[in-house]
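Asker: One structure, pasted below without further comment.
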Amino acid sequence: MNTQRLDPNILFVVLPAEPQLRPELALIREDVSRTGGLHLVLDLSRVEMITSPSIGGLLLTQKVLAEQGCRLVLCNLRLATKCILRVAGLDTFFECARDKFGARDILRRPQRSVDRQIRAFD
């Protein structure tokens, strides 16, 4: 897992392409469940196409983080992944940034209504 700290409370992870994406998301969920208190930035630059199970993994990861009072920001999304999320109606569900620095800026601002959407999604 390629990780680094952007700030003391922000973990940055570069995700692998499919088919390794879903198992990697499961490992990340386990890690953030144990450590707690960390916002998460996921770099999807290596992900050309995202599958339905991996989207489910992102949703579960976001739910785990929200339960801890933390946030998930996706960055470096390729056009195909953006389109898939848009078609699935999830383009407004996830917070997205151009790159890891934009993601860090998003996390420094107050949270938008994502938490309400997560509760409605349960």
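Following the order of the structure tokens, chains are lettered A, B, ..., residues in each are numbered from 1, and ligands are numbered from 1.
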So which residues touch stretch 45-54 of chain A within 9 Å, counting only C-alpha atoms, skipping near sequence neighbours fewer than 4 positions away, as a PyMOL selection string?
Answerer: chain A and resi 14-19+21-23+25+58-59+75-81+84-85
Asker: May I have the residues from that selection written out with N, CA and C atoms, as a CSV table (one decimal), in the first residue's frame?
Answerer:
chain,number,residue,atom,x,y,z
A,14,VAL,N,-2.4,5.9,-2.6
A,14,VAL,CA,-2.5,5.7,-4.1
A,14,VAL,C,-3.0,4.3,-4.3
A,15,LEU,N,-4.2,4.2,-4.9
A,15,LEU,CA,-4.9,2.9,-5.1
A,15,LEU,C,-4.4,2.2,-6.4
A,16,PRO,N,-4.4,0.9,-6.4
A,16,PRO,CA,-4.0,0.1,-7.6
A,16,PRO,C,-5.2,0.1,-8.6
A,17,ALA,N,-4.9,-0.4,-9.8
A,17,ALA,CA,-6.0,-0.6,-10.8
A,17,ALA,C,-6.8,-1.8,-10.4
A,18,GLU,N,-7.9,-2.0,-11.1
A,18,GLU,CA,-8.7,-3.3,-11.0
A,18,GLU,C,-7.8,-4.4,-11.5
A,19,PRO,N,-7.8,-5.6,-11.0
A,19,PRO,CA,-8.8,-6.1,-10.1
A,19,PRO,C,-8.3,-6.0,-8.6
A,21,LEU,N,-8.1,-3.4,-6.8
A,21,LEU,CA,-8.7,-2.2,-6.1
A,21,LEU,C,-9.6,-2.6,-5.0
A,22,ARG,N,-10.5,-3.5,-5.2
A,22,ARG,CA,-11.5,-3.9,-4.2
A,22,ARG,C,-10.8,-4.5,-2.9
A,23,PRO,N,-9.9,-5.5,-3.1
A,23,PRO,CA,-9.2,-6.0,-1.9
A,23,PRO,C,-8.3,-4.9,-1.2
A,25,LEU,N,-9.1,-1.7,-1.0
A,25,LEU,CA,-10.1,-0.9,-0.2
A,25,LEU,C,-10.5,-1.6,1.1
A,58,LEU,N,-15.8,1.7,-2.0
A,58,LEU,CA,-15.6,3.2,-1.7
A,58,LEU,C,-16.7,3.6,-0.8
A,59,LEU,N,-17.9,3.2,-1.1
A,59,LEU,CA,-19.1,3.6,-0.3
A,59,LEU,C,-18.9,3.1,1.2
A,75,CYS,N,-9.2,11.8,-5.4
A,75,CYS,CA,-8.5,12.7,-6.2
A,75,CYS,C,-7.9,12.0,-7.4
A,76,ASN,N,-7.5,12.8,-8.4
A,76,ASN,CA,-6.9,12.3,-9.7
A,76,ASN,C,-7.7,11.2,-10.4
A,77,LEU,N,-9.0,11.5,-10.4
A,77,LEU,CA,-9.9,10.6,-11.1
A,77,LEU,C,-9.8,10.8,-12.6
A,78,ARG,N,-9.7,9.6,-13.3
A,78,ARG,CA,-9.7,9.7,-14.8
A,78,ARG,C,-11.1,9.9,-15.3
A,79,LEU,N,-11.2,10.3,-16.5
A,79,LEU,CA,-12.5,10.6,-17.2
A,79,LEU,C,-13.5,9.5,-17.1
A,80,ALA,N,-13.0,8.3,-17.4
A,80,ALA,CA,-13.9,7.1,-17.4
A,80,ALA,C,-14.5,6.9,-16.0
A,81,THR,N,-13.7,7.0,-15.0
A,81,THR,CA,-14.2,6.8,-13.6
A,81,THR,C,-15.2,7.9,-13.2
A,84,ILE,N,-18.4,7.1,-14.9
A,84,ILE,CA,-19.1,5.9,-14.2
A,84,ILE,C,-19.8,6.4,-12.9
A,85,LEU,N,-19.1,7.2,-12.1
A,85,LEU,CA,-19.7,7.7,-10.9
A,85,LEU,C,-20.9,8.6,-11.2
Asker: Counting only C-alpha atoms, which residue out of A:Gln68, A:Asp7, A:Ala88, A:Phe12 sits closest to A:Gly56?
Answerer: A:Ala88
Asker: With only C-alpha atoms as the counted atoms, please give the residues lying no more than 12 Å from A:Thr35, apart from itself and same-chain residues fewer than 5 positions off, as a PDB file with N, CA and C atoms, in the first residue's frame.
Answerer:
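File written: selection_26.pdb
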ATOM      1  N   ASN A   9      -3.444  14.470  10.510  1.00  0.00           N
ATOM      2  CA  ASN A   9      -4.716  13.752  10.536  1.00  0.00           C
ATOM      3  C   ASN A   9      -5.250  13.412   9.135  1.00  0.00           C
ATOM      4  N   ILE A  10      -4.387  13.453   8.107  1.00  0.00           N
ATOM      5  CA  ILE A  10      -4.814  13.133   6.739  1.00  0.00           C
ATOM      6  C   ILE A  10      -3.879  12.072   6.164  1.00  0.00           C
ATOM      7  N   LEU A  11      -4.469  10.932   5.822  1.00  0.00           N
ATOM      8  CA  LEU A  11      -3.727   9.843   5.199  1.00  0.00           C
ATOM      9  C   LEU A  11      -4.002   9.851   3.701  1.00  0.00           C
ATOM     10  N   ILE A  28      -7.688  -1.043   3.531  1.00  0.00           N
ATOM     11  CA  ILE A  28      -7.717   0.344   4.000  1.00  0.00           C
ATOM     12  C   ILE A  28      -8.816   0.522   5.039  1.00  0.00           C
ATOM     13  N   ARG A  29      -9.984  -0.077   4.794  1.00  0.00           N
ATOM     14  CA  ARG A  29     -11.083   0.018   5.769  1.00  0.00           C
ATOM     15  C   ARG A  29     -10.675  -0.582   7.110  1.00  0.00           C
ATOM     16  N   GLU A  30     -10.001  -1.717   7.061  1.00  0.00           N
ATOM     17  CA  GLU A  30      -9.529  -2.335   8.311  1.00  0.00           C
ATOM     18  C   GLU A  30      -8.566  -1.407   9.042  1.00  0.00           C
ATOM     19  N   LEU A  40      -9.157  10.575   4.963  1.00  0.00           N
ATOM     20  CA  LEU A  40      -8.521   9.745   3.957  1.00  0.00           C
ATOM     21  C   LEU A  40      -8.643  10.383   2.577  1.00  0.00           C
ATOM     22  N   VAL A  64     -17.493   4.008   6.970  1.00  0.00           N
ATOM     23  CA  VAL A  64     -16.635   3.764   8.141  1.00  0.00           C
ATOM     24  C   VAL A  64     -16.017   5.073   8.627  1.00  0.00           C
ATOM     25  N   LEU A  65     -15.518   5.860   7.689  1.00  0.00           N
ATOM     26  CA  LEU A  65     -14.910   7.141   8.065  1.00  0.00           C
ATOM     27  C   LEU A  65     -15.935   8.085   8.683  1.00  0.00           C
ATOM     28  N   GLN A  68     -16.673   7.623  12.206  1.00  0.00           N
ATOM     29  CA  GLN A  68     -15.599   8.095  13.081  1.00  0.00           C
ATOM     30  C   GLN A  68     -15.486   9.613  13.076  1.00  0.00           C
ATOM     31  N   CYS A  70     -14.816  11.314  10.360  1.00  0.00           N
ATOM     32  CA  CYS A  70     -13.767  11.643   9.387  1.00  0.00           C
ATOM     33  C   CYS A  70     -14.350  11.665   7.975  1.00  0.00           C
TER      34      CYS A  70
END
Asker: Out of chain A, which residues get alpha helix (DSSP H) from DSSP, as JSON, numbers by chain?
Answerer: {"A": [21, 22, 23, 24, 25, 26, 27, 28, 29, 30, 31, 32, 33, 34, 35, 52, 53, 54, 55, 56, 57, 58, 59, 60, 61, 62, 63, 64, 65, 66, 67, 79, 80, 81, 82, 83, 84, 85, 86, 87, 100, 101, 102, 103, 104, 105, 106, 107, 108, 114, 115, 116, 117, 118, 119, 120, 121]}
Asker: To one decimal place in Å, what is the distance between atom CA of A:Ala26 and atom CA of A:Met1?
Answerer: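 Computing the Euclidean distance for atom CA of A:Ala26 and atom CA of A:Met1 yields 11.7 Å.
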Asker: Using DSSP assignments from the backbone, pull out every residue in chain A that falls under strand (DSSP E) and give it to me as a ChimeraX atom specification.
Answerer: /A:2-7,10-14,39-43,72-75,95-97
Asker: Rank A:Gln111, A:Ala66, A:Cys83, A:Leu42 by their smallest atom-to-atom distance to A:Cys96, using only C-alpha atoms, and report the top residue only.
Answerer: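 That would be A:Leu42, the residue with the smallest distance to A:Cys96.
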Asker: Mind pulling up the distance from atom CA of A:Phe94 to atom CA of A:Ile55?
Answerer: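 Taking atom CA of A:Ile55 as the start and atom CA of A:Phe94 as the end point, the length is 10.7 Å.
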Asker: Excluding same-chain residues fewer than 4 positions from A:Arg109, what lies within 12 Å of it counting only C-alpha atoms, as a PyMOL selection string?
Answerer: chain A and resi 71+95+102-105
Asker: Any chance you can output those residues with C-alpha atoms as a PDB file, in the first residue's frame?
Answerer:
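result.pdb written:
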ATOM      1  CA  ARG A  71     -13.997  12.313   5.672  1.00  0.00           C
ATOM      2  CA  GLU A  95     -15.932  14.734  -2.365  1.00  0.00           C
ATOM      3  CA  GLY A 102      -6.675  20.155  -3.544  1.00  0.00           C
ATOM      4  CA  ALA A 103      -7.923  17.278  -1.381  1.00  0.00           C
ATOM      5  CA  ARG A 104      -6.003  18.630   1.602  1.00  0.00           C
ATOM      6  CA  ASP A 105      -7.608  22.043   1.005  1.00  0.00           C
TER       7      ASP A 105
END
Asker: Any idea what the distance is between atom CA of A:Gly36 and atom CA of A:Arg5?
Answerer: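 Atom-to-atom, atom CA of A:Gly36 and atom CA of A:Arg5 are spaced 14.2 Å apart.
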Asker: A:Val73, A:Val32, A:Val41, A:Ile106: which is nearest A:Val13, counting only C-alpha atoms?
Answerer: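 Result for the nearest residue to A:Val13: A:Val41.
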